[in-house]
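Engineer: First the structure, then my questions, so here it is.
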Amino acid sequence: MSNQPNGSNPDSGTSGSKGRIKLVHIYPREMSIYGDLGNTRCLASRLRWHGYEPLVHQHHPGNDFPTDAHIVLGGGGQDSGQARVQDDLAHNAEVLRTLAAGGTPMLMICGMYQLFGNAFITIDGERLPGIGVLDVTTQGNAKRMIGPVVLETEFGDVVGYENHSGSTELGRGQRPFGRVRSGLGNNGTDRTEGAVTGNVFGSYLHGPVLPANPSLADALIKQAVEHALGEPFVPGEIDDGIADQARLRQVRRLIG
(Lines give C-alpha, C1' and ligand atoms only; values in the text may rest on other atoms or scores of the structure.)
Protein backbone atom coordinates (compact mmCIF):
# COMPACT_ATOMS: atom_id res chain seq x y z
CA MET A 1 0.00 0.00 0.00
CA SER A 2 1.32 3.43 -0.83
CA ASN A 3 0.23 6.81 0.41
CA GLN A 4 -1.79 8.92 -1.97
CA PRO A 5 -1.52 12.70 -2.21
CA ASN A 6 -4.35 14.75 -0.74
CA GLY A 7 -5.00 16.25 -4.15
CA SER A 8 -5.80 12.95 -5.86
CA ASN A 9 -9.29 12.42 -7.23
CA PRO A 10 -10.68 9.35 -5.46
CA ASP A 11 -14.03 9.55 -7.21
CA SER A 12 -12.80 8.72 -10.71
CA GLY A 13 -12.09 5.06 -11.31
CA THR A 14 -9.48 3.55 -13.55
CA SER A 15 -10.28 1.18 -16.40
CA GLY A 16 -11.98 -1.92 -15.05
CA SER A 17 -12.66 -0.34 -11.64
CA LYS A 18 -16.10 0.40 -10.23
CA GLY A 19 -14.68 3.53 -8.62
CA ARG A 20 -12.03 4.79 -6.23
CA ILE A 21 -12.41 4.77 -2.46
CA LYS A 22 -9.98 6.74 -0.30
CA LEU A 23 -9.04 5.14 3.04
CA VAL A 24 -7.35 7.37 5.61
CA HIS A 25 -5.48 5.72 8.49
CA ILE A 26 -4.84 8.23 11.25
CA TYR A 27 -1.67 8.17 13.36
CA PRO A 28 -0.30 4.79 12.16
CA ARG A 29 2.95 5.31 14.11
CA GLU A 30 1.50 6.52 17.40
CA MET A 31 -1.79 4.62 17.51
CA SER A 32 -1.36 1.19 15.97
CA ILE A 33 0.46 -0.94 18.53
CA TYR A 34 -1.95 -3.90 18.50
CA GLY A 35 -1.99 -4.69 14.81
CA ASP A 36 -4.87 -2.37 13.97
CA LEU A 37 -3.16 -1.39 10.71
CA GLY A 38 -4.52 -4.77 9.58
CA ASN A 39 -7.98 -3.20 9.39
CA THR A 40 -6.77 -0.79 6.72
CA ARG A 41 -5.07 -3.58 4.81
CA CYS A 42 -8.21 -5.71 5.06
CA LEU A 43 -10.43 -2.97 3.63
CA ALA A 44 -7.97 -2.23 0.83
CA SER A 45 -7.88 -5.90 -0.15
CA ARG A 46 -11.64 -6.36 0.04
CA LEU A 47 -12.23 -3.23 -2.01
CA ARG A 48 -10.01 -4.68 -4.75
CA TRP A 49 -11.78 -8.05 -4.55
CA HIS A 50 -15.12 -6.28 -4.88
CA GLY A 51 -13.83 -4.48 -7.99
CA TYR A 52 -13.10 -1.04 -6.51
CA GLU A 53 -9.79 0.79 -6.39
CA PRO A 54 -8.51 1.63 -2.88
CA LEU A 55 -6.40 4.72 -2.31
CA VAL A 56 -4.64 4.52 1.07
CA HIS A 57 -3.48 7.67 2.83
CA GLN A 58 -1.68 7.82 6.17
CA HIS A 59 -2.34 10.91 8.26
CA HIS A 60 0.50 11.98 10.56
CA PRO A 61 0.60 14.73 13.20
CA GLY A 62 1.31 18.17 11.75
CA ASN A 63 -0.61 17.65 8.51
CA ASP A 64 -4.03 18.94 7.54
CA PHE A 65 -6.60 16.17 7.43
CA PRO A 66 -7.79 15.22 3.92
CA THR A 67 -11.37 16.39 3.47
CA ASP A 68 -11.93 13.89 0.65
CA ALA A 69 -11.65 10.83 2.90
CA HIS A 70 -14.18 8.07 2.20
CA ILE A 71 -13.30 5.79 5.14
CA VAL A 72 -11.35 6.81 8.24
CA LEU A 73 -9.62 4.28 10.51
CA GLY A 74 -7.70 4.60 13.76
CA GLY A 75 -6.13 2.16 16.20
CA GLY A 76 -4.99 1.62 19.75
CA GLY A 77 -2.05 3.04 21.60
CA GLN A 78 -0.60 3.72 25.00
CA ASP A 79 -1.52 6.79 27.06
CA SER A 80 1.70 8.42 25.84
CA GLY A 81 0.62 7.88 22.24
CA GLN A 82 -2.73 9.50 22.92
CA ALA A 83 -0.97 12.49 24.44
CA ARG A 84 1.29 12.85 21.38
CA VAL A 85 -1.63 13.03 18.95
CA GLN A 86 -3.94 15.13 21.12
CA ASP A 87 -2.96 18.53 19.70
CA ASP A 88 -3.16 17.35 16.09
CA LEU A 89 -6.52 15.72 16.73
CA ALA A 90 -7.82 18.97 18.20
CA HIS A 91 -6.47 20.88 15.18
CA ASN A 92 -8.35 18.58 12.79
CA ALA A 93 -11.40 17.99 14.99
CA GLU A 94 -13.77 20.16 12.98
CA VAL A 95 -12.91 18.38 9.72
CA LEU A 96 -13.44 14.98 11.37
CA ARG A 97 -16.72 16.07 12.96
CA THR A 98 -17.93 17.40 9.61
CA LEU A 99 -17.02 14.17 7.83
CA ALA A 100 -18.73 12.12 10.55
CA ALA A 101 -21.89 14.24 10.45
CA GLY A 102 -21.94 13.93 6.68
CA GLY A 103 -22.00 10.13 6.80
CA THR A 104 -18.36 9.17 6.20
CA PRO A 105 -17.83 5.72 7.75
CA MET A 106 -15.18 5.51 10.44
CA LEU A 107 -13.79 2.73 12.63
CA MET A 108 -11.93 3.80 15.74
CA ILE A 109 -10.31 1.11 17.87
CA CYS A 110 -9.30 1.33 21.55
CA GLY A 111 -7.27 4.52 22.11
CA MET A 112 -8.78 6.33 19.13
CA TYR A 113 -12.24 5.17 20.21
CA GLN A 114 -11.58 6.90 23.53
CA LEU A 115 -10.37 10.11 21.86
CA PHE A 116 -13.41 10.20 19.58
CA GLY A 117 -15.45 10.42 22.77
CA ASN A 118 -15.81 13.31 25.20
CA ALA A 119 -12.64 12.70 27.23
CA PHE A 120 -10.09 10.18 28.44
CA ILE A 121 -9.08 10.63 32.06
CA THR A 122 -5.76 8.98 32.85
CA ILE A 123 -5.11 7.00 36.01
CA ASP A 124 -3.14 10.04 37.26
CA GLY A 125 -6.17 12.26 36.79
CA GLU A 126 -5.01 14.06 33.64
CA ARG A 127 -7.97 14.84 31.38
CA LEU A 128 -7.34 14.40 27.65
CA PRO A 129 -10.28 15.99 25.82
CA GLY A 130 -11.78 14.07 22.92
CA ILE A 131 -13.52 15.45 19.85
CA GLY A 132 -17.02 14.43 20.92
CA VAL A 133 -18.13 12.41 17.89
CA LEU A 134 -19.19 9.61 20.25
CA ASP A 135 -20.94 10.35 23.55
CA VAL A 136 -18.59 8.30 25.73
CA THR A 137 -16.21 9.13 28.58
CA THR A 138 -13.32 6.90 29.64
CA GLN A 139 -11.56 6.60 32.99
CA GLY A 140 -8.14 4.96 33.22
CA ASN A 141 -7.71 2.18 35.79
CA ALA A 142 -4.88 0.16 37.30
CA LYS A 143 -6.50 -3.12 36.25
CA ARG A 144 -6.55 -4.09 32.59
CA MET A 145 -9.37 -5.84 30.77
CA ILE A 146 -7.75 -8.49 28.62
CA GLY A 147 -9.00 -11.49 26.66
CA PRO A 148 -11.04 -12.79 23.74
CA VAL A 149 -14.48 -11.31 23.16
CA VAL A 150 -17.72 -12.32 21.46
CA LEU A 151 -20.30 -9.64 20.73
CA GLU A 152 -23.90 -9.74 19.58
CA THR A 153 -24.24 -7.02 16.90
CA GLU A 154 -26.40 -6.08 13.94
CA PHE A 155 -23.75 -7.82 11.82
CA GLY A 156 -24.12 -11.10 13.68
CA ASP A 157 -21.56 -12.41 16.16
CA VAL A 158 -18.39 -10.31 16.08
CA VAL A 159 -15.18 -11.64 17.63
CA GLY A 160 -11.96 -9.97 18.67
CA TYR A 161 -9.49 -9.44 21.49
CA GLU A 162 -9.61 -6.66 24.08
CA ASN A 163 -6.64 -5.20 25.95
CA HIS A 164 -7.44 -1.92 27.69
CA SER A 165 -7.30 -0.31 31.10
CA GLY A 166 -9.84 2.38 30.26
CA SER A 167 -13.37 1.95 31.58
CA THR A 168 -15.82 3.58 29.18
CA GLU A 169 -19.30 4.81 30.06
CA LEU A 170 -21.91 5.54 27.41
CA GLY A 171 -23.84 8.78 27.57
CA ARG A 172 -27.61 8.76 27.80
CA GLY A 173 -28.96 7.64 24.44
CA GLN A 174 -25.59 6.55 23.05
CA ARG A 175 -25.98 3.29 21.13
CA PRO A 176 -23.38 0.58 21.83
CA PHE A 177 -21.67 -1.27 19.02
CA GLY A 178 -22.62 -4.61 20.54
CA ARG A 179 -23.73 -6.56 23.58
CA VAL A 180 -21.09 -8.68 25.28
CA ARG A 181 -21.71 -12.43 25.10
CA SER A 182 -18.22 -13.21 26.41
CA GLY A 183 -15.59 -10.78 27.65
CA LEU A 184 -15.69 -7.46 29.49
CA GLY A 185 -16.44 -4.79 26.89
CA ASN A 186 -16.68 -1.10 27.71
CA ASN A 187 -16.40 -1.38 31.45
CA GLY A 188 -16.92 -4.97 32.62
CA THR A 189 -20.28 -4.23 34.22
CA ASP A 190 -23.02 -3.09 31.84
CA ARG A 191 -22.33 -5.70 29.09
CA THR A 192 -22.00 -3.05 26.38
CA GLU A 193 -19.09 -2.83 23.96
CA GLY A 194 -18.11 0.09 21.80
CA ALA A 195 -20.38 2.83 20.49
CA VAL A 196 -22.03 3.77 17.20
CA THR A 197 -23.20 7.18 16.03
CA GLY A 198 -24.29 7.40 12.40
CA ASN A 199 -21.60 5.60 10.42
CA VAL A 200 -18.92 6.05 13.12
CA PHE A 201 -17.99 2.90 15.03
CA GLY A 202 -15.86 2.80 18.16
CA SER A 203 -14.70 -0.49 19.70
CA TYR A 204 -12.05 -2.06 21.91
CA LEU A 205 -11.71 -5.10 19.66
CA HIS A 206 -8.25 -5.80 18.31
CA GLY A 207 -7.31 -8.81 16.26
CA PRO A 208 -7.36 -6.85 13.98
CA VAL A 209 -11.13 -7.02 14.02
CA LEU A 210 -12.06 -6.70 10.34
CA PRO A 211 -10.29 -9.75 8.81
CA ALA A 212 -12.12 -11.99 11.29
CA ASN A 213 -15.47 -10.31 10.68
CA PRO A 214 -16.03 -9.83 6.93
CA SER A 215 -19.65 -8.73 7.36
CA LEU A 216 -18.49 -5.72 9.38
CA ALA A 217 -15.76 -4.92 6.85
CA ASP A 218 -18.22 -5.05 3.98
CA ALA A 219 -20.71 -2.89 5.88
CA LEU A 220 -18.07 -0.14 6.07
CA ILE A 221 -17.27 -0.59 2.39
CA LYS A 222 -20.95 -0.42 1.45
CA GLN A 223 -21.40 2.79 3.44
CA ALA A 224 -18.31 4.30 1.81
CA VAL A 225 -19.25 3.34 -1.76
CA GLU A 226 -22.82 4.57 -1.51
CA HIS A 227 -21.84 7.78 0.27
CA ALA A 228 -18.80 8.60 -1.87
CA LEU A 229 -19.89 7.43 -5.30
CA GLY A 230 -23.63 8.00 -5.00
CA GLU A 231 -24.46 4.57 -6.38
CA PRO A 232 -25.32 1.15 -4.95
CA PHE A 233 -22.53 -1.06 -3.67
CA VAL A 234 -21.98 -3.95 -6.09
CA PRO A 235 -20.18 -6.74 -4.21
CA GLY A 236 -17.83 -9.19 -5.85
CA GLU A 237 -17.60 -12.88 -5.07
CA ILE A 238 -15.32 -13.47 -2.07
CA ASP A 239 -14.71 -16.78 -0.34
CA ASP A 240 -14.78 -15.97 3.38
CA GLY A 241 -14.84 -19.62 4.46
CA ILE A 242 -11.63 -19.51 6.51
CA ALA A 243 -12.63 -16.32 8.34
CA ASP A 244 -16.07 -17.75 9.03
CA GLN A 245 -14.59 -20.96 10.44
CA ALA A 246 -12.18 -19.04 12.68
CA ARG A 247 -14.94 -16.80 14.00
CA LEU A 248 -17.28 -19.72 14.64
CA ARG A 249 -14.55 -21.59 16.53
CA GLN A 250 -14.01 -18.62 18.83
CA VAL A 251 -17.75 -18.33 19.43
CA ARG A 252 -18.04 -22.05 20.22
CA ARG A 253 -14.97 -22.00 22.47
CA LEU A 254 -16.24 -19.06 24.51
CA ILE A 255 -20.01 -19.52 24.37
CA GLY A 256 -20.41 -23.26 23.78
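For the C-alpha coordinates, the naming scheme is as follows: chains receive sequential letters (A, B, ...) according to their order of presentation, residues are indexed from 1 within each chain, and ligands are indexed from 1 in presentation order.
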May I have the residues within 10 Å of A:Glu94 as JSON, numbers by chain, using only C-alpha atoms and disregarding those fewer than 5 positions away in the same chain?
Structural biologist: {"A": [65, 89, 99, 100, 131]}
Engineer: I'd like the contact shell of A:Met108 - 6 Å cut-off, only C-alpha atoms, skipping same-chain residues fewer than 2 positions apart - returned as a ChimeraX atom specification.
Structural biologist: /A:73-74,112-113,202
Engineer: List as a PDB file with N, CA and C atoms, in the first residue's frame the protein and nucleic acid residues near stretch 138-142 of chain A, meaning an atom at most 12 Å away when only C-alpha atoms are counted, but skip any in the same chain fewer than 3 places from it.
Structural biologist:
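The new file selection.pdb reads:
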```
ATOM      1  N   GLN A  78      -0.793   3.466  23.580  1.00  0.00           N
ATOM      2  CA  GLN A  78      -0.597   3.723  24.996  1.00  0.00           C
ATOM      3  C   GLN A  78      -1.035   5.145  25.338  1.00  0.00           C
ATOM      4  N   ASP A  79      -1.148   5.443  26.636  1.00  0.00           N
ATOM      5  CA  ASP A  79      -1.520   6.795  27.056  1.00  0.00           C
ATOM      6  C   ASP A  79      -0.571   7.831  26.475  1.00  0.00           C
ATOM      7  N   CYS A 110      -9.993   1.164  20.274  1.00  0.00           N
ATOM      8  CA  CYS A 110      -9.301   1.333  21.547  1.00  0.00           C
ATOM      9  C   CYS A 110      -8.949   2.791  21.829  1.00  0.00           C
ATOM     10  N   GLY A 111      -7.666   3.169  21.759  1.00  0.00           N
ATOM     11  CA  GLY A 111      -7.269   4.517  22.111  1.00  0.00           C
ATOM     12  C   GLY A 111      -7.946   5.583  21.275  1.00  0.00           C
ATOM     13  N   MET A 112      -8.107   5.341  19.968  1.00  0.00           N
ATOM     14  CA  MET A 112      -8.777   6.327  19.132  1.00  0.00           C
ATOM     15  C   MET A 112     -10.284   6.333  19.387  1.00  0.00           C
ATOM     16  N   TYR A 113     -10.841   5.208  19.757  1.00  0.00           N
ATOM     17  CA  TYR A 113     -12.242   5.165  20.210  1.00  0.00           C
ATOM     18  C   TYR A 113     -12.414   6.106  21.396  1.00  0.00           C
ATOM     19  N   GLN A 114     -11.496   6.042  22.352  1.00  0.00           N
ATOM     20  CA  GLN A 114     -11.579   6.899  23.534  1.00  0.00           C
ATOM     21  C   GLN A 114     -11.483   8.373  23.153  1.00  0.00           C
ATOM     22  N   LEU A 115     -10.566   8.716  22.239  1.00  0.00           N
ATOM     23  CA  LEU A 115     -10.370  10.109  21.863  1.00  0.00           C
ATOM     24  C   LEU A 115     -11.466  10.629  20.943  1.00  0.00           C
ATOM     25  N   PHE A 116     -12.247   9.758  20.347  1.00  0.00           N
ATOM     26  CA  PHE A 116     -13.413  10.198  19.581  1.00  0.00           C
ATOM     27  C   PHE A 116     -14.618  10.419  20.495  1.00  0.00           C
ATOM     28  N   GLY A 117     -14.428  10.149  21.786  1.00  0.00           N
ATOM     29  CA  GLY A 117     -15.450  10.419  22.774  1.00  0.00           C
ATOM     30  C   GLY A 117     -15.284  11.802  23.370  1.00  0.00           C
ATOM     31  N   ASN A 118     -15.862  11.999  24.556  1.00  0.00           N
ATOM     32  CA  ASN A 118     -15.812  13.306  25.204  1.00  0.00           C
ATOM     33  C   ASN A 118     -14.472  13.555  25.888  1.00  0.00           C
ATOM     34  N   ALA A 119     -13.918  12.520  26.534  1.00  0.00           N
ATOM     35  CA  ALA A 119     -12.645  12.697  27.230  1.00  0.00           C
ATOM     36  C   ALA A 119     -12.100  11.353  27.670  1.00  0.00           C
ATOM     37  N   PHE A 120     -10.773  11.304  27.807  1.00  0.00           N
ATOM     38  CA  PHE A 120     -10.091  10.177  28.439  1.00  0.00           C
ATOM     39  C   PHE A 120      -9.367  10.727  29.661  1.00  0.00           C
ATOM     40  N   ILE A 121      -9.691  10.188  30.812  1.00  0.00           N
ATOM     41  CA  ILE A 121      -9.084  10.634  32.061  1.00  0.00           C
ATOM     42  C   ILE A 121      -8.077   9.586  32.493  1.00  0.00           C
ATOM     43  N   THR A 122      -6.809   9.947  32.539  1.00  0.00           N
ATOM     44  CA  THR A 122      -5.761   8.977  32.853  1.00  0.00           C
ATOM     45  C   THR A 122      -5.845   8.560  34.309  1.00  0.00           C
ATOM     46  N   ILE A 123      -5.116   7.496  34.638  1.00  0.00           N
ATOM     47  CA  ILE A 123      -5.107   6.997  36.011  1.00  0.00           C
ATOM     48  C   ILE A 123      -4.523   8.038  36.970  1.00  0.00           C
ATOM     49  N   ASP A 124      -3.717   8.968  36.441  1.00  0.00           N
ATOM     50  CA  ASP A 124      -3.141  10.038  37.257  1.00  0.00           C
ATOM     51  C   ASP A 124      -4.054  11.258  37.351  1.00  0.00           C
ATOM     52  N   GLY A 125      -5.209  11.176  36.704  1.00  0.00           N
ATOM     53  CA  GLY A 125      -6.170  12.265  36.786  1.00  0.00           C
ATOM     54  C   GLY A 125      -6.059  13.306  35.692  1.00  0.00           C
ATOM     55  N   GLU A 126      -5.127  13.117  34.744  1.00  0.00           N
ATOM     56  CA  GLU A 126      -5.014  14.064  33.640  1.00  0.00           C
ATOM     57  C   GLU A 126      -6.175  13.849  32.667  1.00  0.00           C
ATOM     58  N   ARG A 127      -6.818  14.923  32.276  1.00  0.00           N
ATOM     59  CA  ARG A 127      -7.972  14.839  31.378  1.00  0.00           C
ATOM     60  C   ARG A 127      -7.528  15.183  29.955  1.00  0.00           C
ATOM     61  N   LEU A 128      -7.639  14.190  29.055  1.00  0.00           N
ATOM     62  CA  LEU A 128      -7.342  14.399  27.648  1.00  0.00           C
ATOM     63  C   LEU A 128      -8.669  14.578  26.924  1.00  0.00           C
ATOM     64  N   PRO A 129      -8.982  15.783  26.468  1.00  0.00           N
ATOM     65  CA  PRO A 129     -10.275  15.992  25.821  1.00  0.00           C
ATOM     66  C   PRO A 129     -10.362  15.265  24.491  1.00  0.00           C
ATOM     67  N   GLY A 130     -11.522  14.684  24.210  1.00  0.00           N
ATOM     68  CA  GLY A 130     -11.777  14.069  22.921  1.00  0.00           C
ATOM     69  C   GLY A 130     -12.478  15.044  22.003  1.00  0.00           C
ATOM     70  N   LEU A 134     -18.451  10.631  19.505  1.00  0.00           N
ATOM     71  CA  LEU A 134     -19.191   9.609  20.246  1.00  0.00           C
ATOM     72  C   LEU A 134     -19.418  10.111  21.673  1.00  0.00           C
ATOM     73  N   ASP A 135     -20.607   9.872  22.202  1.00  0.00           N
ATOM     74  CA  ASP A 135     -20.937  10.345  23.548  1.00  0.00           C
ATOM     75  C   ASP A 135     -20.496   9.306  24.571  1.00  0.00           C
ATOM     76  N   MET A 145      -8.363  -4.894  31.248  1.00  0.00           N
ATOM     77  CA  MET A 145      -9.368  -5.840  30.773  1.00  0.00           C
ATOM     78  C   MET A 145      -8.804  -6.510  29.532  1.00  0.00           C
ATOM     79  N   HIS A 164      -7.326  -3.344  27.343  1.00  0.00           N
ATOM     80  CA  HIS A 164      -7.436  -1.923  27.688  1.00  0.00           C
ATOM     81  C   HIS A 164      -7.601  -1.764  29.189  1.00  0.00           C
ATOM     82  N   SER A 165      -7.106  -0.646  29.697  1.00  0.00           N
ATOM     83  CA  SER A 165      -7.295  -0.308  31.101  1.00  0.00           C
ATOM     84  C   SER A 165      -8.371   0.746  31.274  1.00  0.00           C
ATOM     85  N   GLY A 166      -8.806   1.363  30.183  1.00  0.00           N
ATOM     86  CA  GLY A 166      -9.842   2.375  30.264  1.00  0.00           C
ATOM     87  C   GLY A 166     -11.213   1.758  30.473  1.00  0.00           C
ATOM     88  N   SER A 167     -11.988   2.362  31.340  1.00  0.00           N
ATOM     89  CA  SER A 167     -13.367   1.951  31.584  1.00  0.00           C
ATOM     90  C   SER A 167     -14.277   3.009  30.965  1.00  0.00           C
ATOM     91  N   THR A 168     -15.040   2.627  29.970  1.00  0.00           N
ATOM     92  CA  THR A 168     -15.822   3.576  29.184  1.00  0.00           C
ATOM     93  C   THR A 168     -17.295   3.517  29.543  1.00  0.00           C
ATOM     94  N   GLU A 169     -17.875   4.685  29.766  1.00  0.00           N
ATOM     95  CA  GLU A 169     -19.297   4.809  30.060  1.00  0.00           C
ATOM     96  C   GLU A 169     -19.989   5.504  28.895  1.00  0.00           C
ATOM     97  N   LEU A 170     -21.122   4.938  28.481  1.00  0.00           N
ATOM     98  CA  LEU A 170     -21.906   5.537  27.413  1.00  0.00           C
ATOM     99  C   LEU A 170     -22.786   6.650  27.963  1.00  0.00           C
ATOM    100  N   GLY A 171     -22.915   7.733  27.205  1.00  0.00           N
ATOM    101  CA  GLY A 171     -23.843   8.785  27.569  1.00  0.00           C
ATOM    102  C   GLY A 171     -25.279   8.329  27.359  1.00  0.00           C
ATOM    103  N   ASN A 186     -16.986  -2.488  27.361  1.00  0.00           N
ATOM    104  CA  ASN A 186     -16.678  -1.098  27.705  1.00  0.00           C
ATOM    105  C   ASN A 186     -16.155  -0.918  29.119  1.00  0.00           C
ATOM    106  N   ASN A 187     -16.745  -1.642  30.061  1.00  0.00           N
ATOM    107  CA  ASN A 187     -16.395  -1.377  31.453  1.00  0.00           C
ATOM    108  C   ASN A 187     -16.479  -2.601  32.362  1.00  0.00           C
ATOM    109  N   GLY A 194     -18.211  -0.878  22.866  1.00  0.00           N
ATOM    110  CA  GLY A 194     -18.115   0.093  21.801  1.00  0.00           C
ATOM    111  C   GLY A 194     -19.278   1.063  21.766  1.00  0.00           C
ATOM    112  N   TYR A 204     -13.307  -1.624  21.307  1.00  0.00           N
ATOM    113  CA  TYR A 204     -12.050  -2.055  21.912  1.00  0.00           C
ATOM    114  C   TYR A 204     -11.479  -3.297  21.231  1.00  0.00           C
TER     115      TYR A 204
END
```
Engineer: With only C-alpha atoms as the basis for distance, which of A:Ala217, A:Ile109, A:Val56, A:Val225 is at the shortest distance from A:Glu162?
Structural biologist: A:Ile109
Engineer: Residues near A:Val196, anyone? I mean within 10 Å using only C-alpha atoms, not counting same-chain ones fewer than 5 positions away, as a list of chain:residue names.
Structural biologist: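 Using only C-alpha atoms, the neighbours found are A:Met106, A:Leu107, A:Val133, A:Leu134, A:Asp135, A:Gln174, A:Arg175, A:Pro176, A:Phe177, A:Gly178, A:Phe201, A:Gly202, A:Ser203.
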Engineer: Could you check how far atom CA of A:Arg253 sits from atom CA of A:Lys143, in Å to one decimal?
Structural biologist: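 These atoms are spaced 24.9 Å apart.
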Engineer: Using only C-alpha atoms, find the one residue out of A:Val85, A:Leu210, A:Leu220, A:Leu205 that sits nearest to A:Pro105.
Structural biologist: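 Distance minimum relative to A:Pro105 lands on A:Leu220.
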